[in-house]
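Asks: Pasting entry_37.cif here (mmCIF, C-alpha atoms):
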data_entry
loop_
_atom_site.label_atom_id
_atom_site.label_comp_id
_atom_site.auth_asym_id
_atom_site.auth_seq_id
_atom_site.Cartn_x
_atom_site.Cartn_y
_atom_site.Cartn_z
CA LYS X 1009 -15.32 103.25 22.72
CA ASP X 1010 -13.58 102.34 19.48
CA ILE X 1011 -9.95 101.21 19.66
CA SER X 1012 -7.86 101.50 16.50
CA LEU X 1013 -5.52 98.53 16.19
CA ALA X 1014 -3.24 97.44 13.37
CA ASP X 1015 -3.79 94.05 11.74
CA GLY X 1016 -2.19 91.35 13.86
CA ASP X 1017 -1.99 93.39 17.09
CA LEU X 1018 -4.75 91.42 18.82
CA PHE X 1019 -5.33 87.69 18.69
CA ALA X 1020 -7.82 85.79 20.85
CA LEU X 1021 -8.49 82.07 21.13
CA ASP X 1022 -11.44 80.23 22.67
CA VAL X 1023 -9.95 76.86 23.62
CA GLN X 1024 -10.52 73.97 26.02
CA SER X 1025 -7.91 72.35 28.23
CA THR X 1026 -7.51 68.58 28.21
CA ASN X 1027 -10.00 68.34 31.09
CA GLY X 1028 -12.57 70.38 29.16
CA THR X 1029 -12.16 73.69 31.01
CA PRO X 1030 -12.86 76.59 28.61
CA HIS X 1031 -10.21 79.29 28.25
CA ILE X 1032 -9.93 82.63 26.49
CA ILE X 1033 -6.27 83.30 25.65
CA VAL X 1034 -5.48 86.77 24.33
CA SER X 1035 -2.24 87.97 22.76
CA PHE X 1036 -1.80 91.72 22.33
CA HIS X 1037 0.99 93.83 20.84
CA GLY X 1038 0.74 97.32 22.29
CA ASP X 1039 1.61 100.63 20.68
CA THR X 1040 5.04 102.11 21.37
CA ASN X 1041 3.85 104.30 24.25
CA GLY X 1042 1.58 101.64 25.79
CA LEU X 1043 -1.47 103.89 25.62
CA LEU X 1044 -3.70 101.30 23.90
CA THR X 1045 -2.88 98.56 26.39
CA MET X 1046 -5.40 99.53 29.08
CA PRO X 1047 -8.29 100.10 26.65
CA VAL X 1048 -7.65 96.62 25.20
CA VAL X 1049 -7.39 95.03 28.67
CA ALA X 1050 -10.59 96.81 29.76
CA ALA X 1051 -12.44 95.74 26.59
CA THR X 1052 -11.26 92.15 27.06
CA HIS X 1053 -12.37 92.24 30.70
CA SER X 1054 -15.82 93.57 29.76
CA ALA X 1055 -16.29 91.09 26.91
CA THR X 1056 -15.21 88.05 28.89
CA GLN X 1057 -17.42 89.01 31.84
CA ALA X 1058 -20.41 89.51 29.53
CA TYR X 1059 -20.00 86.66 27.02
CA TRP X 1060 -17.61 84.10 28.52
CA PRO X 1061 -18.11 84.33 32.30
CA ASN X 1062 -17.17 80.66 32.83
CA HIS X 1063 -13.91 80.82 30.87
CA ILE X 1064 -10.43 81.00 32.39
CA VAL X 1065 -8.90 84.23 31.02
CA ILE X 1066 -5.20 84.67 30.22
CA LEU X 1067 -3.76 87.82 28.62
CA CYS X 1068 -0.27 87.69 27.12
CA LEU X 1069 0.76 91.29 26.61
CA ASP X 1070 3.51 93.20 24.91
CA ALA X 1071 2.10 96.03 27.00
CA ASN X 1072 4.88 98.54 26.27
CA VAL X 1073 4.63 100.02 29.75
CA TYR X 1074 7.52 101.88 31.31
CA ASP X 1075 9.37 101.87 34.62
CA GLY X 1076 9.87 105.55 35.36
CA ALA X 1077 11.07 104.71 38.89
CA ASP X 1078 14.60 106.02 38.31
CA GLY X 1079 13.43 109.53 37.48
CA ARG X 1080 13.47 109.09 33.70
CA SER X 1081 10.89 111.19 31.94
CA LEU X 1082 8.08 109.05 30.54
CA ASP X 1083 7.09 111.63 27.89
CA GLY X 1084 3.49 110.46 27.48
CA LYS X 1085 4.28 106.76 27.93
CA LYS X 1086 2.14 104.48 30.12
CA PRO X 1087 3.74 104.05 33.58
CA PHE X 1088 3.98 100.48 34.83
CA VAL X 1089 2.70 101.40 38.31
CA GLU X 1090 -0.41 102.99 36.84
CA PHE X 1091 -0.97 99.97 34.57
CA LEU X 1092 -0.60 97.64 37.56
CA ARG X 1093 -3.10 99.58 39.65
CA GLU X 1094 -5.66 99.59 36.82
CA VAL X 1095 -5.45 95.86 36.04
CA GLN X 1096 -5.65 94.95 39.72
CA ALA X 1097 -8.86 96.96 40.01
CA MET X 1098 -10.37 94.58 37.42
CA GLY X 1099 -9.32 91.51 39.41
CA PHE X 1100 -6.21 90.65 37.41
CA THR X 1101 -2.82 89.80 38.79
CA THR X 1102 0.47 89.41 36.92
CA CYS X 1103 2.69 86.38 36.55
CA TRP X 1104 5.04 88.35 38.84
CA GLY X 1105 2.37 88.83 41.52
CA ASP X 1106 0.57 91.93 42.75
CA ASN X 1107 3.64 93.85 43.92
CA PRO X 1108 6.52 92.88 41.64
CA ASP X 1109 10.10 94.10 42.02
CA ILE X 1110 10.59 96.24 38.91
CA ASN X 1111 14.27 95.22 38.77
CA ARG X 1112 13.30 91.55 38.31
CA ILE X 1113 10.65 91.91 35.64
CA ARG X 1114 12.25 93.96 32.87
CA THR X 1115 12.05 92.25 29.49
CA THR X 1116 13.83 94.75 27.25
CA CYS X 1117 17.33 96.18 27.16
CA SER X 1118 17.93 97.89 23.86
CA ALA X 1119 20.02 100.86 22.90
CA ARG X 1120 20.23 102.40 19.45
CA THR X 1121 23.76 102.63 18.06
CA SER X 1122 25.35 105.42 16.04
CA LEU X 1123 25.27 103.13 13.00
CA GLN X 1124 21.47 103.26 12.88
CA PRO X 1125 19.33 106.06 11.48
CA GLN X 1126 18.13 108.79 13.85
CA LEU X 1127 21.48 109.65 15.43
CA ASN X 1128 19.67 111.82 17.97
CA LYS X 1129 18.49 108.55 19.60
CA ALA X 1130 21.94 106.94 19.65
CA VAL X 1131 23.35 105.80 23.00
CA ARG X 1132 27.08 105.84 23.69
CA MET X 1133 28.66 102.53 24.71
CA LEU X 1134 29.51 104.04 28.11
CA ASP X 1135 25.80 104.85 28.71
CA ARG X 1136 24.30 101.64 27.27
CA HIS X 1137 22.85 100.45 30.59
CA ARG X 1138 21.83 103.78 32.08
CA LYS X 1139 20.16 105.07 28.89
CA SER X 1140 18.94 101.86 27.30
CA ASP X 1141 15.28 100.92 27.04
CA MET X 1142 15.08 98.61 30.10
CA ASN X 1143 11.40 98.27 30.92
CA PRO X 1144 8.84 95.69 32.10
CA LYS X 1145 7.06 95.63 28.74
CA ASP X 1146 5.95 91.99 28.60
CA ILE X 1147 3.40 90.74 31.09
CA ILE X 1148 1.06 87.78 31.55
CA LEU X 1149 -2.23 88.62 33.29
CA TYR X 1150 -4.96 86.38 34.67
CA TYR X 1151 -7.76 86.68 37.19
CA ARG X 1152 -6.39 86.05 40.68
CA HIS X 1153 -9.49 84.03 41.63
CA GLN X 1154 -8.96 81.65 38.66
CA LEU X 1155 -5.23 80.95 38.38
CA MET X 1156 -1.96 81.05 40.27
CA ILE X 1157 1.71 80.44 39.50
CA VAL X 1158 2.84 76.82 39.87
CA PRO X 1159 5.33 76.83 42.78
CA GLU X 1160 8.88 76.05 41.67
CA LYS X 1161 9.04 73.21 44.24
CA ASP X 1162 6.38 71.38 42.16
CA PHE X 1163 8.51 71.37 39.00
CA GLY X 1164 10.47 68.22 39.81
CA GLY X 1165 14.13 67.49 38.98
CA ALA X 1166 15.72 70.21 36.86
CA LYS X 1167 13.92 73.25 38.14
CA GLN X 1168 13.63 76.52 36.27
CA PRO X 1169 12.30 79.83 37.49
CA ASN X 1170 8.57 80.41 37.26
CA PRO X 1171 7.88 82.76 35.62
CA LEU X 1172 10.80 82.41 33.24
CA LYS X 1173 12.50 85.22 31.30
CA ASP X 1174 14.85 84.43 28.42
CA ASN X 1175 17.01 86.69 26.25
CA THR X 1176 19.51 84.00 25.25
CA GLY X 1177 17.41 81.24 23.70
CA LYS X 1178 18.79 78.97 26.47
CA LEU X 1179 16.13 79.49 29.18
CA ARG X 1180 18.23 82.21 30.83
CA TYR X 1181 17.98 85.97 31.07
CA LYS X 1182 21.16 88.02 31.29
CA GLU X 1183 20.25 91.26 33.04
CA GLU X 1184 21.63 94.48 31.56
CA THR X 1185 22.61 92.69 28.34
CA VAL X 1186 21.72 94.79 25.32
CA PHE X 1187 19.71 92.90 22.72
CA PRO X 1188 18.77 92.05 19.97
CA MET X 1189 21.97 90.14 19.27
CA LEU X 1190 22.99 87.79 16.48
CA ASP X 1191 22.05 84.76 18.59
CA PHE X 1192 18.88 86.37 20.00
CA PRO X 1193 17.32 88.56 17.28
CA SER X 1194 14.31 89.89 19.23
CA ASP X 1195 14.18 93.24 21.01
CA HIS X 1196 11.93 91.74 23.72
CA GLY X 1197 12.81 88.83 25.98
CA ILE X 1198 10.68 85.70 26.05
CA LEU X 1199 8.32 85.43 29.02
CA ALA X 1200 6.73 82.14 30.03
CA ALA X 1201 4.77 81.05 33.09
CA ALA X 1202 3.34 77.75 34.31
CA LEU X 1203 -0.10 78.36 35.81
CA GLN X 1204 -2.53 76.23 37.74
CA SER X 1205 -6.13 76.55 38.85
CA THR X 1206 -6.86 78.09 42.24
CA HIS X 1207 -9.67 75.55 42.73
#
Show the structure stored in the file as structure tokens.

Replies:
Amino acid sequence: KDISLADGDLFALDVQSTNGTPHIIVSFHGDTNGLLTMPVVAATHSATQAYWPNHIVILCLDANVYDGADGRSLDGKKPFVEFLREVQAMGFTTCWGDNPDINRIRTTCSARTSLQPQLNKAVRMLDRHRKSDMNPKDIILYYRHQLMIVPEKDFGGAKQPNPLKDNTGKLRYKEETVFPMLDFPSDHGILAAALQSTH
């Protein structure tokens, strides 16, 4: 089935690691409601199984999926739990594992102010945490039989979390901090993960 994407929303690389292992690395920027994310993941899954069955597959997604666990209406947005169930059925796992704690994996916290257009979407300072867009929108996927997270104990001296979220530019993530900010101008946090082969 055809998927209509904007220029620059999907980028795929066929690369080799230093030991010669072939990889397909996909970067995808999802639509606002996250409804194109699963069709793109499914198409990537089908294509890699058919044409690159010996490649290690890594998907880096701005999936734009939504929590919904606190009773907020999702209004036609892709629920994270549904997304998780669907990717697991294809053999993928996330950098957060198969059953992540939604409170640990949010990568956005943005709230529109009254100084911006569309005042109907403005959030009062008092409500900035409760009504902000705090969702697990950014996710790294890979096949569970190919890769796994490098254990933090294997990192050596100055250890950092793995996976790592950052909304400060200093390898730290401040939960419930509204951004973008002057010193961190993105509306999504940075997500990074060190992976290793399961073999």

Asks: Considering only C-alpha atoms, state which residue in the set X:Ser1035, X:Asn1175, X:Thr1102, X:Thr1029 is at the smallest distance from X:Cys1068.

Replies: X:Ser1035

Asks: Fewer than 5 positions away in the same chain doesn't count, so skip those; otherwise give me all residues within 10 Å of X:Glu1184, counting only C-alpha atoms, as a list in words.

Replies: Arg1114, Thr1116, Cys1117, Ser1118, Arg1136, His1137, Arg1138, Ser1140 and Met1142 of chain X

Asks: Would you please work out which residue, of X:Gln1096, X:Ala1200, X:Thr1052, X:Asp1141, is nearest to X:Pro1169 when using all atoms listed in the file?

Replies: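 Among the listed residues, X:Ala1200 lies closest to X:Pro1169.
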
Asks: What would the selection look like, as a PDB file with C-alpha atoms, keeping the file's coordinate frame, if the PyMOL selection byres ((chain X and resi 1014-1023) around 6) were run on the coordinates I just shared?

Replies:
ATOM      1  CA  LEU X1013      -5.520  98.530  16.190  1.00  0.00           C
ATOM      2  CA  GLN X1024     -10.520  73.970  26.020  1.00  0.00           C
ATOM      3  CA  PRO X1030     -12.860  76.590  28.610  1.00  0.00           C
ATOM      4  CA  HIS X1031     -10.210  79.290  28.250  1.00  0.00           C
ATOM      5  CA  ILE X1032      -9.930  82.630  26.490  1.00  0.00           C
ATOM      6  CA  ILE X1033      -6.270  83.300  25.650  1.00  0.00           C
ATOM      7  CA  VAL X1034      -5.480  86.770  24.330  1.00  0.00           C
ATOM      8  CA  SER X1035      -2.240  87.970  22.760  1.00  0.00           C
ATOM      9  CA  PHE X1036      -1.800  91.720  22.330  1.00  0.00           C
ATOM     10  CA  HIS X1037       0.990  93.830  20.840  1.00  0.00           C
TER      11      HIS X1037
END

Asks: Taking (-8.7, 102.5, 24.2) in the coordinates of the supplied file, I want to know which residues reach to within 6 Å of it, counting all atoms listed in the file; could you give the answer as an MDAnalysis selection string?

Replies: chainID X and resid 1011 1044 1047

Asks: Can you tell me how far atom CA of X:Ser1194 sits from atom CA of X:Lys1182, in Å to one decimal?

Replies: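 Pair atom CA of X:Ser1194 / atom CA of X:Lys1182 returns 14.0 Å.
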
Asks: Step by step, work through what the PyMOL selection byres ((chain X and resi 1111) around 12) selects in the shown file, and finish by giving those residues as a list of chain:residue names.

Replies: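 Taken over the shown coordinates, the PyMOL selection byres ((chain X and resi 1111) around 12) returns X:Asp1075, X:Gly1076, X:Ala1077, X:Asp1078, X:Trp1104, X:Asn1107, X:Pro1108, X:Asp1109, X:Ile1110, X:Arg1112, X:Ile1113, X:Arg1114, X:Thr1115, X:Thr1116, X:Met1142, X:Asn1143, X:Pro1144, X:Glu1183, X:Glu1184.
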
Asks: For a quick check of understanding, using only C-alpha atoms, which of X:Ala1051, X:Ile1157, X:Ala1058, X:Cys1103 has the smallest distance to X:Thr1206?

Replies: X:Ile1157

Asks: Could you tell me how far atom CA of X:Val1048 sits from atom CA of X:Phe1187, in Å to one decimal place?

Replies: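 Spanning atom CA of X:Phe1187 to atom CA of X:Val1048 is a straight-line distance of 27.7 Å.
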
Asks: Would you mind telling me which residue in X:Phe1100, X:Glu1094, X:Val1049, X:Gln1204 lies nearest to X:Asp1162 when using all atoms listed in the file?

Replies: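 Checking each of X:Phe1100, X:Glu1094, X:Val1049, X:Gln1204 against X:Asp1162, counting all atoms listed in the file, the winner is X:Gln1204.
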
Asks: The PyMOL selection byres ((chain X and resi 1071) around 6) - which residues does that actually catch in the file I just gave you? List them as an MDAnalysis selection string.

Replies: chainID X and resid 1038 1042 1045 1069:1070 1072:1073 1145:1146

Asks: Mind giving me the straight-line distance from atom CA of X:Gln1124 to atom CA of X:Gly1197 in Å, one decimal?

Replies: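 Distance between the two atoms: 21.3 Å.
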
Asks: Using all atoms listed in the file, find the one residue out of X:Leu1043, X:Leu1172, X:Ala1202, X:Met1098 that sits nearest to X:Asp1083.

Replies: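 Using all atoms listed in the file, X:Asp1083 sits closest to X:Leu1043.
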
Asks: Give the answer as one residue: which of X:Gln1057, X:Thr1176, X:Asn1062, X:Thr1185 has the shortest atom-to-atom distance to X:Gly1028, using all atoms listed in the file?

Replies: X:Asn1062

Asks: Output file request: stretch 1033-1181 of chain X, with C-alpha atoms, as a PDB file, in the first residue's frame.

Replies:
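Result written to out16.pdb:
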ATOM      1  CA  ILE X1033      19.838   2.035   9.533  1.00  0.00           C
ATOM      2  CA  VAL X1034      16.546   3.868   9.076  1.00  0.00           C
ATOM      3  CA  SER X1035      15.622   7.316  10.361  1.00  0.00           C
ATOM      4  CA  PHE X1036      11.951   8.290  10.224  1.00  0.00           C
ATOM      5  CA  HIS X1037      10.094  11.464  11.189  1.00  0.00           C
ATOM      6  CA  GLY X1038       6.469  10.574  11.827  1.00  0.00           C
ATOM      7  CA  ASP X1039       3.371  12.652  11.235  1.00  0.00           C
ATOM      8  CA  THR X1040       1.935  14.607  14.167  1.00  0.00           C
ATOM      9  CA  ASN X1041      -0.571  11.909  15.132  1.00  0.00           C
ATOM     10  CA  GLY X1042       1.844   8.993  14.616  1.00  0.00           C
ATOM     11  CA  LEU X1043      -0.475   7.278  12.153  1.00  0.00           C
ATOM     12  CA  LEU X1044       2.200   6.785   9.463  1.00  0.00           C
ATOM     13  CA  THR X1045       4.704   5.243  11.861  1.00  0.00           C
ATOM     14  CA  MET X1046       3.389   1.674  11.777  1.00  0.00           C
ATOM     15  CA  PRO X1047       2.970   1.555   7.977  1.00  0.00           C
ATOM     16  CA  VAL X1048       6.593   2.714   7.626  1.00  0.00           C
ATOM     17  CA  VAL X1049       7.836   0.198  10.222  1.00  0.00           C
ATOM     18  CA  ALA X1050       5.848  -2.586   8.517  1.00  0.00           C
ATOM     19  CA  ALA X1051       7.178  -1.613   5.067  1.00  0.00           C
ATOM     20  CA  THR X1052      10.734  -1.512   6.417  1.00  0.00           C
ATOM     21  CA  HIS X1053      10.242  -4.910   8.045  1.00  0.00           C
ATOM     22  CA  SER X1054       8.898  -6.427   4.804  1.00  0.00           C
ATOM     23  CA  ALA X1055      11.636  -4.892   2.648  1.00  0.00           C
ATOM     24  CA  THR X1056      14.498  -5.908   4.912  1.00  0.00           C
ATOM     25  CA  GLN X1057      13.178  -9.462   5.226  1.00  0.00           C
ATOM     26  CA  ALA X1058      12.808  -9.745   1.440  1.00  0.00           C
ATOM     27  CA  TYR X1059      15.908  -7.905   0.176  1.00  0.00           C
ATOM     28  CA  TRP X1060      18.382  -7.631   3.068  1.00  0.00           C
ATOM     29  CA  PRO X1061      17.762 -10.715   5.237  1.00  0.00           C
ATOM     30  CA  ASN X1062      21.385 -10.828   6.447  1.00  0.00           C
ATOM     31  CA  HIS X1063      21.535  -7.180   7.530  1.00  0.00           C
ATOM     32  CA  ILE X1064      21.310  -5.929  11.107  1.00  0.00           C
ATOM     33  CA  VAL X1065      18.293  -3.579  11.173  1.00  0.00           C
ATOM     34  CA  ILE X1066      18.051  -0.459  13.347  1.00  0.00           C
ATOM     35  CA  LEU X1067      15.127   1.986  13.188  1.00  0.00           C
ATOM     36  CA  CYS X1068      15.525   5.424  14.756  1.00  0.00           C
ATOM     37  CA  LEU X1069      12.025   6.846  15.015  1.00  0.00           C
ATOM     38  CA  ASP X1070      10.389  10.124  15.814  1.00  0.00           C
ATOM     39  CA  ALA X1071       7.322   7.917  16.059  1.00  0.00           C
ATOM     40  CA  ASN X1072       4.991  10.571  17.510  1.00  0.00           C
ATOM     41  CA  VAL X1073       3.156   7.994  19.595  1.00  0.00           C
ATOM     42  CA  TYR X1074       1.248   8.979  22.705  1.00  0.00           C
ATOM     43  CA  ASP X1075       0.984   7.808  26.297  1.00  0.00           C
ATOM     44  CA  GLY X1076      -2.736   7.954  27.003  1.00  0.00           C
ATOM     45  CA  ALA X1077      -2.223   6.102  30.301  1.00  0.00           C
ATOM     46  CA  ASP X1078      -3.348   9.027  32.459  1.00  0.00           C
ATOM     47  CA  GLY X1079      -6.789   9.184  30.885  1.00  0.00           C
ATOM     48  CA  ARG X1080      -5.977  11.939  28.384  1.00  0.00           C
ATOM     49  CA  SER X1081      -7.967  11.684  25.201  1.00  0.00           C
ATOM     50  CA  LEU X1082      -5.788  10.615  22.280  1.00  0.00           C
ATOM     51  CA  ASP X1083      -8.117  12.134  19.652  1.00  0.00           C
ATOM     52  CA  GLY X1084      -7.033   9.893  16.776  1.00  0.00           C
ATOM     53  CA  LYS X1085      -3.371   9.742  17.821  1.00  0.00           C
ATOM     54  CA  LYS X1086      -1.392   6.476  17.814  1.00  0.00           C
ATOM     55  CA  PRO X1087      -1.268   4.980  21.347  1.00  0.00           C
ATOM     56  CA  PHE X1088       2.169   3.874  22.522  1.00  0.00           C
ATOM     57  CA  VAL X1089       0.855   0.559  23.885  1.00  0.00           C
ATOM     58  CA  GLU X1090      -0.678  -0.313  20.525  1.00  0.00           C
ATOM     59  CA  PHE X1091       2.539   0.680  18.720  1.00  0.00           C
ATOM     60  CA  LEU X1092       4.566  -1.483  21.106  1.00  0.00           C
ATOM     61  CA  ARG X1093       2.341  -4.511  20.583  1.00  0.00           C
ATOM     62  CA  GLU X1094       2.535  -4.164  16.790  1.00  0.00           C
ATOM     63  CA  VAL X1095       6.331  -3.805  16.584  1.00  0.00           C
ATOM     64  CA  GLN X1096       6.857  -6.725  18.960  1.00  0.00           C
ATOM     65  CA  ALA X1097       4.722  -8.912  16.697  1.00  0.00           C
ATOM     66  CA  MET X1098       7.305  -8.259  13.938  1.00  0.00           C
ATOM     67  CA  GLY X1099      10.189  -9.308  16.193  1.00  0.00           C
ATOM     68  CA  PHE X1100      11.346  -5.824  17.177  1.00  0.00           C
ATOM     69  CA  THR X1101      12.162  -4.632  20.649  1.00  0.00           C
ATOM     70  CA  THR X1102      12.850  -1.088  21.831  1.00  0.00           C
ATOM     71  CA  CYS X1103      15.973   0.397  23.353  1.00  0.00           C
ATOM     72  CA  TRP X1104      13.855   0.490  26.540  1.00  0.00           C
ATOM     73  CA  GLY X1105      13.024  -3.229  26.356  1.00  0.00           C
ATOM     74  CA  ASP X1106       9.757  -5.037  25.722  1.00  0.00           C
ATOM     75  CA  ASN X1107       7.828  -3.644  28.689  1.00  0.00           C
ATOM     76  CA  PRO X1108       9.123  -0.125  29.323  1.00  0.00           C
ATOM     77  CA  ASP X1109       7.983   2.125  32.160  1.00  0.00           C
ATOM     78  CA  ILE X1110       6.181   4.941  30.338  1.00  0.00           C
ATOM     79  CA  ASN X1111       7.333   7.426  33.003  1.00  0.00           C
ATOM     80  CA  ARG X1112      10.998   6.754  32.142  1.00  0.00           C
ATOM     81  CA  ILE X1113      10.822   6.960  28.369  1.00  0.00           C
ATOM     82  CA  ARG X1114       9.115  10.266  27.592  1.00  0.00           C
ATOM     83  CA  THR X1115      11.154  12.439  25.246  1.00  0.00           C
ATOM     84  CA  THR X1116       8.945  15.517  24.940  1.00  0.00           C
ATOM     85  CA  CYS X1117       7.652  18.087  27.396  1.00  0.00           C
ATOM     86  CA  SER X1118       6.305  21.069  25.538  1.00  0.00           C
ATOM     87  CA  ALA X1119       3.514  23.467  26.302  1.00  0.00           C
ATOM     88  CA  ARG X1120       2.336  26.287  24.069  1.00  0.00           C
ATOM     89  CA  THR X1121       2.361  29.702  25.722  1.00  0.00           C
ATOM     90  CA  SER X1122      -0.155  32.519  25.413  1.00  0.00           C
ATOM     91  CA  LEU X1123       2.430  34.473  23.409  1.00  0.00           C
ATOM     92  CA  GLN X1124       2.184  32.012  20.519  1.00  0.00           C
ATOM     93  CA  PRO X1125      -0.531  31.862  17.868  1.00  0.00           C
ATOM     94  CA  GLN X1126      -3.519  29.582  18.468  1.00  0.00           C
ATOM     95  CA  LEU X1127      -4.425  30.769  21.955  1.00  0.00           C
ATOM     96  CA  ASN X1128      -6.898  27.893  22.241  1.00  0.00           C
ATOM     97  CA  LYS X1129      -3.851  25.592  22.615  1.00  0.00           C
ATOM     98  CA  ALA X1130      -2.137  27.733  25.263  1.00  0.00           C
ATOM     99  CA  VAL X1131      -1.297  26.121  28.609  1.00  0.00           C
ATOM    100  CA  ARG X1132      -1.291  28.134  31.824  1.00  0.00           C
ATOM    101  CA  MET X1133       1.951  28.131  33.822  1.00  0.00           C
ATOM    102  CA  LEU X1134       0.142  26.363  36.674  1.00  0.00           C
ATOM    103  CA  ASP X1135      -0.845  23.500  34.305  1.00  0.00           C
ATOM    104  CA  ARG X1136       2.437  23.232  32.371  1.00  0.00           C
ATOM    105  CA  HIS X1137       3.240  19.700  33.589  1.00  0.00           C
ATOM    106  CA  ARG X1138      -0.252  18.246  33.693  1.00  0.00           C
ATOM    107  CA  LYS X1139      -1.270  19.579  30.260  1.00  0.00           C
ATOM    108  CA  SER X1140       2.043  19.615  28.431  1.00  0.00           C
ATOM    109  CA  ASP X1141       2.885  17.249  25.596  1.00  0.00           C
ATOM    110  CA  MET X1142       4.862  14.651  27.605  1.00  0.00           C
ATOM    111  CA  ASN X1143       5.000  11.538  25.463  1.00  0.00           C
ATOM    112  CA  PRO X1144       7.363   8.697  24.482  1.00  0.00           C
ATOM    113  CA  LYS X1145       7.700   9.947  20.907  1.00  0.00           C
ATOM    114  CA  ASP X1146      11.298   8.953  20.156  1.00  0.00           C
ATOM    115  CA  ILE X1147      12.213   5.283  20.006  1.00  0.00           C
ATOM    116  CA  ILE X1148      15.029   3.086  18.719  1.00  0.00           C
ATOM    117  CA  LEU X1149      13.912  -0.317  17.429  1.00  0.00           C
ATOM    118  CA  TYR X1150      15.908  -3.388  16.442  1.00  0.00           C
ATOM    119  CA  TYR X1151      15.261  -7.097  16.063  1.00  0.00           C
ATOM    120  CA  ARG X1152      15.587  -8.786  19.448  1.00  0.00           C
ATOM    121  CA  HIS X1153      17.397 -11.768  17.899  1.00  0.00           C
ATOM    122  CA  GLN X1154      20.078  -9.462  16.392  1.00  0.00           C
ATOM    123  CA  LEU X1155      20.922  -6.814  18.985  1.00  0.00           C
ATOM    124  CA  MET X1156      20.741  -5.983  22.667  1.00  0.00           C
ATOM    125  CA  ILE X1157      21.548  -3.001  24.876  1.00  0.00           C
ATOM    126  CA  VAL X1158      25.143  -2.863  26.122  1.00  0.00           C
ATOM    127  CA  PRO X1159      24.927  -3.308  29.917  1.00  0.00           C
ATOM    128  CA  GLU X1160      25.931  -0.176  31.821  1.00  0.00           C
ATOM    129  CA  LYS X1161      28.498  -2.223  33.796  1.00  0.00           C
ATOM    130  CA  ASP X1162      30.438  -2.675  30.520  1.00  0.00           C
ATOM    131  CA  PHE X1163      30.840   1.075  29.966  1.00  0.00           C
ATOM    132  CA  GLY X1164      33.953   1.500  32.094  1.00  0.00           C
ATOM    133  CA  GLY X1165      34.887   4.509  34.265  1.00  0.00           C
ATOM    134  CA  ALA X1166      32.443   7.398  33.890  1.00  0.00           C
ATOM    135  CA  LYS X1167      29.227   5.535  33.288  1.00  0.00           C
ATOM    136  CA  GLN X1168      26.164   7.028  31.671  1.00  0.00           C
ATOM    137  CA  PRO X1169      22.702   5.558  31.364  1.00  0.00           C
ATOM    138  CA  ASN X1170      22.027   3.259  28.437  1.00  0.00           C
ATOM    139  CA  PRO X1171      19.838   4.223  26.711  1.00  0.00           C
ATOM    140  CA  LEU X1172      20.517   7.904  27.285  1.00  0.00           C
ATOM    141  CA  LYS X1173      17.975  10.740  27.100  1.00  0.00           C
ATOM    142  CA  ASP X1174      19.126  14.358  26.938  1.00  0.00           C
ATOM    143  CA  ASN X1175      17.173  17.618  26.967  1.00  0.00           C
ATOM    144  CA  THR X1176      20.022  19.778  28.257  1.00  0.00           C
ATOM    145  CA  GLY X1177      22.861  19.225  25.786  1.00  0.00           C
ATOM    146  CA  LYS X1178      24.879  17.915  28.765  1.00  0.00           C
ATOM    147  CA  LEU X1179      24.004  14.188  28.604  1.00  0.00           C
ATOM    148  CA  ARG X1180      21.206  14.656  31.149  1.00  0.00           C
ATOM    149  CA  TYR X1181      17.431  14.675  30.963  1.00  0.00           C
TER     150      TYR X1181
END
